[in-house]
Amino acid sequence: MRFVTCLGPDGVEEPAVLSADGTAVTPLRWLGLPCDTLTEAIPQLTPAVRAGLALALSVLTLAASVVMTLYTGEKTVLLVCYILIGVSLVSTAPFFNSMVMAYHLRGVNVNYGLGRGTGSATYALVALVLGDVLERRAPTVILPVLLIMLAVQIAAVWSFRYPLPAAAEMERSAPSQVLGVLGLLRRYPGFTVLLVGCALLQGGHNACNTYMIHIVAKVGEGEGMMGVLLALSAIVELPAMSLFPRMRRHLSLRALLRICAAGFVLKDLLFLLAGPPVLLYAAALLQFFEFGIFLPATVYYVAEHLDSANQGKGQGLIHVCSNGLGPAAVTAVGGRLIDGWGVNVFLVFAAACAAAGLLVVITATSRHFEREDSKG
């Protein structure tokens with residue numbers, strides 16, 4: 001058994017525990033699901049409280065990273081630290097998403113896409129540099145980079161002091177009912193179907209990122225090209241997310257979700273067909289239409305289709321399915337397929353998941369389900 005670092009939720013480098021044959025035996029996304037569900041089930045948390053909880057998770061991640069840096073030779077310590085880091089990374093994002101949407105729903109003009117795209121651009125720079133460095137240095141060089149990034153994140157969250165505007169009179173006089181998870185899924189059937197589509201689309205996407213080293217190896221390349229591809233994919237997210245508010249003014253969320261779902265399918269097909277490296281670069285550029293639109297579109301979908309009392313839970317469920325259930329299942333199956341039949345069979349499976357996800361998203365965004373959700 002060995003420890004590695006792979007691409008996790010939202011482009012974050014996530015630790016995983018792999019067996020000798022490369023199969024993920026302890027996917028940390030599964031371990032993050034209870035934490036995601038519990039934290040987002042707490043109703044009506046203010047942005048300040050959510051920021052405090054995100055800060056606490058960031059400090060926990062930093063502490064585990066420091067311990068891991070000091071005890072690189074202790075496998076038990078490394079395992080515990082990997083679990084803490086993985087769970088914390090998976091569970092932090094919904095807090096930030098629901099904080100942003102709380103201000104959005106109170107009329108504050110927040111460009112969520114620009115903020116999230118800046119994160120992607122930062123990741124692109126780090127991935128590009130580390131992809132080159134890791135060809136000559138041990139993987140432990142990632143640890144000091146992680147420590148620096150976490151310190152910056154903690155400082156940014158700690159400095160957040162923007163007050164939340166008062167609620168509208170109608171919202172104060174007729175507050176929405178806080179629902180449990182099952183109650184929320186029953187009230188919004190279209191949202192429930194969309195969760196399945198998110199799991200399928202993001203499952204293949206995250207699995208391809210996790211096994212990117214195998215994908216580039218089939219065209220005769222290594223870690224250097226993998227770093228370039230991940231950096232290119234991340235950097236094109238910045239213009240996509242920055243332009244999302246403008247695209248939103250001209251296109252409906254239905255159209256944007258369907259466009260990005262088709263982008264997932266096309267990207268997986270390019271990975272499958274890649275013989276010359278140029279097709280891998282083309283696939284990386286499709287990140288603009290794929291994840292670059294998917295992330296803000298799903299966040300805004302929850303904000304605009306679910307009632308205000310259940311926003312946090314809705315963001316949490318999107319995150320659990322997109323970055324937990326789907327990726328964990330597809331990555332686990334994908335590892336077995338690569339070990340048994342090769343990377344091309346895995347890519348056929350990933351493309352099939354994306355195609356199924358496209359059909360599910362088309363169904364979830366149909367006018368029938370929009371009418372059903374509006375009754376909630």
# chains A, B, ... in the order shown; residues from 1 in each chain; ligands from 1

call {"tool": "residues_around", "arguments": {"residues": "Ile235 in chain A", "least_positions_apart": "3", "cutoff": "10 Å", "atoms": "only C-alpha atoms", "output": "ChimeraX atom specification"}}
result
/A:117-125,229-232,238-240,284-285,287-288,292

call {"tool": "closest_atom_pairs", "arguments": {"of": "range 255-360 of chain A", "to": "range 80-98 of chain A", "cutoff": "12 Å", "atoms": "only C-alpha atoms", "output": "JSON lines"}}
result
{"residue": "A:Leu295", "atom": "CA", "partner": "A:Asn97", "partner_atom": "CA", "distance": 10.0}
{"residue": "A:Pro296", "atom": "CA", "partner": "A:Asn97", "partner_atom": "CA", "distance": 9.4}
{"residue": "A:Ala297", "atom": "CA", "partner": "A:Asn97", "partner_atom": "CA", "distance": 11.8}
{"residue": "A:Thr298", "atom": "CA", "partner": "A:Asn97", "partner_atom": "CA", "distance": 10.3}
{"residue": "A:Val299", "atom": "CA", "partner": "A:Asn97", "partner_atom": "CA", "distance": 7.0}
{"residue": "A:Tyr300", "atom": "CA", "partner": "A:Asn97", "partner_atom": "CA", "distance": 9.5}
{"residue": "A:Tyr301", "atom": "CA", "partner": "A:Asn97", "partner_atom": "CA", "distance": 11.9}
{"residue": "A:Val302", "atom": "CA", "partner": "A:Ser98", "partner_atom": "CA", "distance": 9.5}
{"residue": "A:Ala303", "atom": "CA", "partner": "A:Ser98", "partner_atom": "CA", "distance": 8.6}
{"residue": "A:Ser308", "atom": "CA", "partner": "A:Ser98", "partner_atom": "CA", "distance": 10.5}
{"residue": "A:Ala309", "atom": "CA", "partner": "A:Ser98", "partner_atom": "CA", "distance": 11.4}
{"residue": "A:Asn310", "atom": "CA", "partner": "A:Ser98", "partner_atom": "CA", "distance": 10.2}
{"residue": "A:Gln311", "atom": "CA", "partner": "A:Ser98", "partner_atom": "CA", "distance": 6.8}
{"residue": "A:Gly312", "atom": "CA", "partner": "A:Ser98", "partner_atom": "CA", "distance": 5.5}
{"residue": "A:Lys313", "atom": "CA", "partner": "A:Ser98", "partner_atom": "CA", "distance": 8.9}
{"residue": "A:Gly314", "atom": "CA", "partner": "A:Ser98", "partner_atom": "CA", "distance": 8.9}
{"residue": "A:Gln315", "atom": "CA", "partner": "A:Pro94", "partner_atom": "CA", "distance": 5.9}
{"residue": "A:Gly316", "atom": "CA", "partner": "A:Pro94", "partner_atom": "CA", "distance": 5.4}
{"residue": "A:Leu317", "atom": "CA", "partner": "A:Pro94", "partner_atom": "CA", "distance": 8.9}
{"residue": "A:Ile318", "atom": "CA", "partner": "A:Pro94", "partner_atom": "CA", "distance": 8.7}
{"residue": "A:His319", "atom": "CA", "partner": "A:Pro94", "partner_atom": "CA", "distance": 6.5}
{"residue": "A:Val320", "atom": "CA", "partner": "A:Val90", "partner_atom": "CA", "distance": 8.5}
{"residue": "A:Cys321", "atom": "CA", "partner": "A:Val90", "partner_atom": "CA", "distance": 11.4}
{"residue": "A:Ser322", "atom": "CA", "partner": "A:Val90", "partner_atom": "CA", "distance": 10.7}
{"residue": "A:Asn323", "atom": "CA", "partner": "A:Val90", "partner_atom": "CA", "distance": 7.4}
{"residue": "A:Gly324", "atom": "CA", "partner": "A:Val90", "partner_atom": "CA", "distance": 7.9}
{"residue": "A:Leu325", "atom": "CA", "partner": "A:Val90", "partner_atom": "CA", "distance": 11.6}
{"residue": "A:Pro327", "atom": "CA", "partner": "A:Val90", "partner_atom": "CA", "distance": 11.8}
{"residue": "A:Ala328", "atom": "CA", "partner": "A:Val90", "partner_atom": "CA", "distance": 11.9}

call {"tool": "residues_around", "arguments": {"residues": "Val333 in chain A", "least_positions_apart": "2", "cutoff": "10 Å", "atoms": "only C-alpha atoms", "output": "ChimeraX atom specification"}}
result
/A:23-24,207,327-331,335-338,346,349-350

call {"tool": "residues_around", "arguments": {"residues": "Ala283 in chain A", "least_positions_apart": "2", "cutoff": "9 Å", "atoms": "only C-alpha atoms", "output": "mmCIF file with N, CA and C atoms, in the first residue's frame"}}
result
data_model
loop_
_atom_site.group_PDB
_atom_site.id
_atom_site.type_symbol
_atom_site.label_atom_id
_atom_site.label_comp_id
_atom_site.auth_asym_id
_atom_site.auth_seq_id
_atom_site.Cartn_x
_atom_site.Cartn_y
_atom_site.Cartn_z
ATOM 1 N N LEU A 229 -1.247 19.907 -18.956
ATOM 2 C CA LEU A 229 -2.668 19.699 -19.238
ATOM 3 C C LEU A 229 -3.547 20.175 -18.087
ATOM 4 N N SER A 233 -6.129 23.233 -18.368
ATOM 5 C CA SER A 233 -7.538 23.034 -18.019
ATOM 6 C C SER A 233 -7.995 24.042 -16.981
ATOM 7 N N LEU A 266 -17.889 15.391 -24.763
ATOM 8 C CA LEU A 266 -16.903 15.619 -25.822
ATOM 9 C C LEU A 266 -15.480 15.515 -25.286
ATOM 10 N N LYS A 267 -15.244 16.016 -24.081
ATOM 11 C CA LYS A 267 -13.892 15.952 -23.515
ATOM 12 C C LYS A 267 -13.466 14.508 -23.282
ATOM 13 N N ASP A 268 -14.363 13.683 -22.753
ATOM 14 C CA ASP A 268 -14.022 12.282 -22.515
ATOM 15 C C ASP A 268 -13.774 11.547 -23.836
ATOM 16 N N LEU A 269 -14.534 11.894 -24.864
ATOM 17 C CA LEU A 269 -14.325 11.261 -26.166
ATOM 18 C C LEU A 269 -12.965 11.636 -26.753
ATOM 19 N N LEU A 270 -12.540 12.885 -26.572
ATOM 20 C CA LEU A 270 -11.218 13.295 -27.051
ATOM 21 C C LEU A 270 -10.110 12.552 -26.307
ATOM 22 N N PHE A 271 -10.283 12.352 -24.998
ATOM 23 C CA PHE A 271 -9.316 11.558 -24.246
ATOM 24 C C PHE A 271 -9.230 10.143 -24.831
ATOM 25 N N VAL A 278 -1.975 16.408 -29.500
ATOM 26 C CA VAL A 278 -2.775 17.593 -29.767
ATOM 27 C C VAL A 278 -4.220 17.403 -29.324
ATOM 28 N N LEU A 279 -4.730 16.166 -29.385
ATOM 29 C CA LEU A 279 -6.100 15.923 -28.941
ATOM 30 C C LEU A 279 -6.240 16.077 -27.434
ATOM 31 N N LEU A 280 -5.176 15.786 -26.700
ATOM 32 C CA LEU A 280 -5.212 16.001 -25.254
ATOM 33 C C LEU A 280 -5.256 17.490 -24.933
ATOM 34 N N TYR A 281 -4.529 18.274 -25.696
ATOM 35 C CA TYR A 281 -4.581 19.729 -25.495
ATOM 36 C C TYR A 281 -5.964 20.275 -25.843
ATOM 37 N N LEU A 285 -8.686 22.280 -23.362
ATOM 38 C CA LEU A 285 -9.336 23.561 -23.668
ATOM 39 C C LEU A 285 -10.846 23.479 -23.492
ATOM 40 N N LEU A 286 -11.414 22.282 -23.625
ATOM 41 C CA LEU A 286 -12.861 22.124 -23.439
ATOM 42 C C LEU A 286 -13.296 22.339 -22.001
ATOM 43 N N GLN A 287 -12.332 22.453 -21.095
ATOM 44 C CA GLN A 287 -12.668 22.759 -19.707
ATOM 45 C C GLN A 287 -13.450 24.070 -19.611
#

call {"tool": "select_by_dssp", "arguments": {"residues": "range 237-355 of chain A", "states": "alpha helix (DSSP H)", "output": "ChimeraX atom specification"}}
result
/A:237-242,244-250,253-273,278-285,291-305,311-320,326-341,343-355

call {"tool": "atom_distance", "arguments": {"atom1": "CA of Ala156 in chain A", "atom2": "CA of His205 in chain A"}}
result
29.0 Å

call {"tool": "closest_residue", "arguments": {"among": "A:Val145, A:Ala274, A:Leu179, A:Phe264", "to": "Asn206 in chain A", "atoms": "only C-alpha atoms"}}
result
A:Phe264
